[in-house]
Amino acid sequence: MDSNATSRGIEIWNKKIHIYLGLYFLLFLWLFAVSGLFMNHPRWFHGMPQRDRTERAVQVPAEGDDLERAKAVAKQLGITGEILTARVPPKPGLFNFRIFRPNRLANVSVELQTNTATIQTVRGRLPGVLENMHTFSGVRDIWGEAQSKRDWIYTWIWSISMDLLCVGLIILVLSSYYMWYLLRDKWAWGLVAFVLGFAACGFFLVGMGRL
């Protein structure tokens, strides 16, 4: 195979990768674009979260660590999400934990003597849900867990999807550079766009103390 045929084959596959990766990640990118607008302009979007308080009878297992016991209680309550166990021990006679998902935060406090669980639920509106999805990872230090780890299957799938999105964006950018390289008669305009983008990003990195 001659060099022209090889170059043509690389060009064809580069375009296919660029097109199909872009189509696959289209809604992911829109999700982050819209949620970014919500986060940057909170006054544009209104809607207070809905708060509820209920009580239920539960049985807290005597054995197991806090995460295993919280999973057992959450299953009885029919609540799913990322379980967050507190680093600081609760008051004597209480077993506390949180269950978080982008559209809801449930604070669960179980009175061990009476086996009564008090569930305080905060349900977010659409702007808050999208903002939570923008930053949702399951392993944030601000949650104050004794051991930060993902324990909800959707958190695992979401985190893997975000890793793939990051890798996909890197590939999209690199494929764009290759397509720009092939447009030899338009290198100047591409170079201007590249330099402007590099300078703008560098301005914020330096100005905001990232470097």
# chains A, B, ... in the order shown; residues from 1 in each chain; ligands from 1
>>> select_by_dssp(residues="segment 4-106 of chain A", states="helix (DSSP H, G or I)", output="NGL selection string")
:A and (4-24 or 26-40 or 42-44 or 66-77)
>>> residues_around(residues="segment 181-193 of chain A", least_positions_apart="6", cutoff="12 Å", atoms="only C-alpha atoms", output="short mmCIF file (atom, residue, chain, number, x, y, z; two decimals) with C-alpha atoms, in the first residue's frame")
data_model
loop_
_atom_site.label_atom_id
_atom_site.label_comp_id
_atom_site.auth_asym_id
_atom_site.auth_seq_id
_atom_site.Cartn_x
_atom_site.Cartn_y
_atom_site.Cartn_z
CA SER A 7 -2.89 8.80 4.32
CA ARG A 8 -6.33 8.60 2.74
CA ILE A 10 -6.16 7.59 8.13
CA GLU A 11 -8.14 10.63 7.00
CA ILE A 12 -11.31 8.57 6.49
CA ASN A 14 -10.26 10.15 11.60
CA LYS A 15 -13.45 11.68 10.19
CA LEU A 174 -6.87 15.62 18.51
CA SER A 175 -8.92 14.57 15.48
CA ALA A 199 -4.17 32.49 25.51
CA ALA A 200 -7.72 32.76 26.89
#
>>> select_by_dssp(residues="segment 3-204 of chain A", states="strand (DSSP E or B)", output="MDAnalysis selection string")
chainID A and resid 50:57 82:86 94:101 104:111 116:123 145
>>> write_last_selection(atoms="C-alpha atoms", output="tab-separated table (two decimals), in the first residue's frame")
chain	number	residue	atom	x	y	z
A	50	GLN	CA	-39.43	20.37	48.16
A	51	ARG	CA	-38.89	19.21	51.75
A	52	ASP	CA	-40.68	16.26	53.37
A	53	ARG	CA	-40.46	14.54	56.76
A	54	THR	CA	-41.71	11.03	57.45
A	55	GLU	CA	-41.27	8.34	60.09
A	56	ARG	CA	-41.01	4.61	59.54
A	57	ALA	CA	-40.38	1.53	61.66
A	82	GLU	CA	-25.21	6.89	47.18
A	83	ILE	CA	-25.07	6.13	50.90
A	84	LEU	CA	-23.02	8.58	52.95
A	85	THR	CA	-21.96	7.57	56.44
A	86	ALA	CA	-20.75	10.31	58.76
A	94	LEU	CA	-28.97	7.18	67.19
A	95	PHE	CA	-27.85	5.77	63.84
A	96	ASN	CA	-27.55	8.47	61.17
A	97	PHE	CA	-26.69	8.40	57.47
A	98	ARG	CA	-27.55	10.12	54.22
A	99	ILE	CA	-28.65	8.82	50.84
A	100	PHE	CA	-27.82	11.11	47.96
A	101	ARG	CA	-28.82	11.08	44.31
A	104	ARG	CA	-32.93	13.90	46.13
A	105	LEU	CA	-31.10	14.00	49.44
A	106	ALA	CA	-32.50	11.90	52.29
A	107	ASN	CA	-31.25	12.37	55.85
A	108	VAL	CA	-32.05	9.26	57.88
A	109	SER	CA	-31.91	9.20	61.67
A	110	VAL	CA	-32.84	5.98	63.45
A	111	GLU	CA	-33.77	5.94	67.13
A	116	THR	CA	-38.07	4.47	64.47
A	117	ALA	CA	-36.46	6.08	61.44
A	118	THR	CA	-37.02	9.76	60.73
A	119	ILE	CA	-36.46	10.57	57.06
A	120	GLN	CA	-36.02	14.20	56.05
A	121	THR	CA	-36.08	14.42	52.28
A	122	VAL	CA	-35.05	17.32	50.06
A	123	ARG	CA	-36.19	16.94	46.45
A	145	GLU	CA	-17.40	10.09	55.08
>>> residues_around(residues="Glu131 of chain A", least_positions_apart="3", cutoff="10 Å", atoms="only C-alpha atoms", output="list of chain:residue names")
A:Leu31, A:Phe32, A:Val34, A:Ser35, A:Gly36, A:Leu37, A:Phe38, A:Met39, A:Pro102, A:Asn103, A:Gly124, A:Leu126, A:Pro127, A:Gly128, A:His134, A:Thr135, A:Phe136
>>> residues_around(residues="Leu172 of chain A", least_positions_apart="5", cutoff="8 Å", atoms="only C-alpha atoms", output="list in words")
Ile17, His18, Leu21 and Gly22 of chain A
>>> write_last_selection(atoms="N, CA and C atoms", output="PDB file, in the first residue's frame")
ATOM      1  N   ILE A  17     -14.269   8.660  13.318  1.00  0.00           N
ATOM      2  CA  ILE A  17     -14.136   8.740  14.777  1.00  0.00           C
ATOM      3  C   ILE A  17     -14.678  10.072  15.288  1.00  0.00           C
ATOM      4  N   HIS A  18     -14.323  11.160  14.583  1.00  0.00           N
ATOM      5  CA  HIS A  18     -14.770  12.489  14.994  1.00  0.00           C
ATOM      6  C   HIS A  18     -16.293  12.590  14.943  1.00  0.00           C
ATOM      7  N   LEU A  21     -18.066   9.832  17.539  1.00  0.00           N
ATOM      8  CA  LEU A  21     -17.848  10.223  18.925  1.00  0.00           C
ATOM      9  C   LEU A  21     -18.673  11.461  19.269  1.00  0.00           C
ATOM     10  N   GLY A  22     -18.698  12.429  18.346  1.00  0.00           N
ATOM     11  CA  GLY A  22     -19.493  13.636  18.567  1.00  0.00           C
ATOM     12  C   GLY A  22     -20.970  13.329  18.716  1.00  0.00           C
TER      13      GLY A  22
END
>>> atom_distance(atom1="atom CA of Leu67 of chain A", atom2="atom CA of Asp151 of chain A")
8.8 Å
>>> residues_around(residues="Arg125 of chain A", least_positions_apart="3", cutoff="7 Å", atoms="only C-alpha atoms", output="NGL selection string")
:A and (47-49 or 128-129)
>>> write_last_selection(atoms="N, CA and C atoms", output="short mmCIF file (atom, residue, chain, number, x, y, z; two decimals), in the first residue's frame")
data_model
loop_
_atom_site.label_atom_id
_atom_site.label_comp_id
_atom_site.auth_asym_id
_atom_site.auth_seq_id
_atom_site.Cartn_x
_atom_site.Cartn_y
_atom_site.Cartn_z
N GLY A 47 -37.13 28.14 41.62
CA GLY A 47 -37.68 26.87 42.07
C GLY A 47 -37.02 26.41 43.36
N MET A 48 -37.75 26.47 44.45
CA MET A 48 -37.23 26.02 45.73
C MET A 48 -37.38 24.50 45.84
N PRO A 49 -36.45 23.83 46.52
CA PRO A 49 -36.58 22.39 46.69
C PRO A 49 -37.76 22.04 47.57
N GLY A 128 -31.45 22.39 40.06
CA GLY A 128 -30.63 21.76 41.09
C GLY A 128 -30.22 20.34 40.71
N VAL A 129 -31.12 19.61 40.06
CA VAL A 129 -30.81 18.25 39.64
C VAL A 129 -29.67 18.25 38.62
#
>>> atom_distance(atom1="atom CA of Ile153 of chain A", atom2="atom CA of Gly81 of chain A")
8.6 Å
>>> closest_residue(among="A:Val206, A:Val195, A:Ala70, A:Leu169", to="Ile19 of chain A", atoms="only C-alpha atoms")
A:Leu169
>>> closest_residue(among="A:Ile170, A:Val58, A:Cys201, A:Ile160", to="Gly138 of chain A", atoms="only C-alpha atoms")
A:Ile160
>>> decode(residues="segment 48-90 of chain A", atoms="N, CA and C atoms", output="compact mmCIF listing (two decimals), in the first residue's frame")
# COMPACT_ATOMS: atom_id res chain seq x y z
N MET A 48 -37.75 26.47 44.45
CA MET A 48 -37.23 26.02 45.73
C MET A 48 -37.38 24.50 45.84
N PRO A 49 -36.45 23.83 46.52
CA PRO A 49 -36.58 22.39 46.69
C PRO A 49 -37.76 22.04 47.57
N GLN A 50 -38.30 20.85 47.37
CA GLN A 50 -39.43 20.37 48.16
C GLN A 50 -38.89 19.56 49.35
N ARG A 51 -39.36 19.87 50.54
CA ARG A 51 -38.89 19.21 51.75
C ARG A 51 -40.02 18.39 52.37
N ASP A 52 -39.70 17.16 52.74
CA ASP A 52 -40.68 16.26 53.37
C ASP A 52 -40.05 15.61 54.60
N ARG A 53 -40.92 15.22 55.55
CA ARG A 53 -40.46 14.54 56.76
C ARG A 53 -41.43 13.40 57.07
N THR A 54 -40.88 12.19 57.16
CA THR A 54 -41.71 11.03 57.45
C THR A 54 -41.02 10.18 58.51
N GLU A 55 -41.80 9.28 59.11
CA GLU A 55 -41.27 8.34 60.09
C GLU A 55 -41.69 6.93 59.70
N ARG A 56 -40.75 5.99 59.88
CA ARG A 56 -41.01 4.61 59.54
C ARG A 56 -40.38 3.70 60.58
N ALA A 57 -40.96 2.54 60.78
CA ALA A 57 -40.38 1.53 61.66
C ALA A 57 -39.37 0.70 60.87
N VAL A 58 -38.18 0.51 61.42
CA VAL A 58 -37.12 -0.24 60.75
C VAL A 58 -36.40 -1.11 61.78
N GLN A 59 -35.57 -2.01 61.26
CA GLN A 59 -34.72 -2.83 62.10
C GLN A 59 -33.27 -2.61 61.67
N VAL A 60 -32.45 -2.12 62.59
CA VAL A 60 -31.04 -1.89 62.30
C VAL A 60 -30.25 -3.14 62.66
N PRO A 61 -29.53 -3.75 61.72
CA PRO A 61 -28.74 -4.95 62.04
C PRO A 61 -27.73 -4.66 63.14
N ALA A 62 -27.54 -5.62 64.00
CA ALA A 62 -26.58 -5.45 65.10
C ALA A 62 -25.15 -5.64 64.62
N GLU A 63 -24.96 -6.38 63.52
CA GLU A 63 -23.62 -6.67 63.03
C GLU A 63 -23.36 -5.93 61.73
N GLY A 64 -22.07 -5.84 61.39
CA GLY A 64 -21.67 -5.16 60.16
C GLY A 64 -21.19 -3.76 60.42
N ASP A 65 -20.48 -3.19 59.44
CA ASP A 65 -20.02 -1.81 59.59
C ASP A 65 -21.16 -0.86 59.28
N ASP A 66 -20.88 0.45 59.40
CA ASP A 66 -21.95 1.45 59.23
C ASP A 66 -22.55 1.39 57.83
N LEU A 67 -21.72 1.16 56.82
CA LEU A 67 -22.24 1.12 55.45
C LEU A 67 -23.18 -0.06 55.25
N GLU A 68 -22.81 -1.22 55.75
CA GLU A 68 -23.66 -2.40 55.61
C GLU A 68 -24.98 -2.21 56.36
N ARG A 69 -24.92 -1.63 57.55
CA ARG A 69 -26.14 -1.39 58.32
C ARG A 69 -27.03 -0.36 57.63
N ALA A 70 -26.40 0.69 57.05
CA ALA A 70 -27.17 1.71 56.34
C ALA A 70 -27.83 1.13 55.10
N LYS A 71 -27.14 0.25 54.40
CA LYS A 71 -27.74 -0.39 53.23
C LYS A 71 -28.97 -1.20 53.62
N ALA A 72 -28.88 -1.90 54.76
CA ALA A 72 -30.01 -2.71 55.22
C ALA A 72 -31.21 -1.83 55.55
N VAL A 73 -30.97 -0.71 56.21
CA VAL A 73 -32.05 0.21 56.56
C VAL A 73 -32.64 0.85 55.30
N ALA A 74 -31.77 1.27 54.40
CA ALA A 74 -32.23 1.90 53.15
C ALA A 74 -33.10 0.95 52.35
N LYS A 75 -32.74 -0.33 52.34
CA LYS A 75 -33.55 -1.32 51.62
C LYS A 75 -34.93 -1.43 52.24
N GLN A 76 -35.02 -1.39 53.56
CA GLN A 76 -36.33 -1.44 54.23
C GLN A 76 -37.16 -0.20 53.90
N LEU A 77 -36.49 0.94 53.76
CA LEU A 77 -37.20 2.19 53.46
C LEU A 77 -37.52 2.34 51.97
N GLY A 78 -36.90 1.50 51.14
CA GLY A 78 -37.13 1.60 49.70
C GLY A 78 -36.48 2.82 49.09
N ILE A 79 -35.35 3.27 49.66
CA ILE A 79 -34.64 4.46 49.17
C ILE A 79 -33.32 4.02 48.55
N THR A 80 -33.06 4.47 47.34
CA THR A 80 -31.82 4.13 46.65
C THR A 80 -30.99 5.38 46.41
N GLY A 81 -29.69 5.18 46.31
CA GLY A 81 -28.78 6.29 46.06
C GLY A 81 -27.42 6.00 46.66
N GLU A 82 -26.55 7.00 46.61
CA GLU A 82 -25.21 6.89 47.18
C GLU A 82 -25.32 7.09 48.69
N ILE A 83 -24.95 6.08 49.44
CA ILE A 83 -25.07 6.13 50.90
C ILE A 83 -23.84 6.82 51.49
N LEU A 84 -24.08 7.80 52.34
CA LEU A 84 -23.02 8.58 52.95
C LEU A 84 -23.07 8.39 54.46
N THR A 85 -22.04 7.77 55.00
CA THR A 85 -21.96 7.57 56.44
C THR A 85 -21.07 8.63 57.04
N ALA A 86 -21.45 9.18 58.17
CA ALA A 86 -20.75 10.31 58.76
C ALA A 86 -19.42 9.88 59.37
N ARG A 87 -18.43 10.78 59.28
CA ARG A 87 -17.14 10.53 59.91
C ARG A 87 -17.25 10.70 61.43
N VAL A 88 -18.07 11.66 61.87
CA VAL A 88 -18.24 11.93 63.30
C VAL A 88 -19.33 11.01 63.85
N PRO A 89 -19.07 10.27 64.94
CA PRO A 89 -20.10 9.39 65.51
C PRO A 89 -21.33 10.19 65.94
N PRO A 90 -22.54 9.64 65.74
CA PRO A 90 -23.76 10.36 66.14
C PRO A 90 -23.94 10.31 67.66
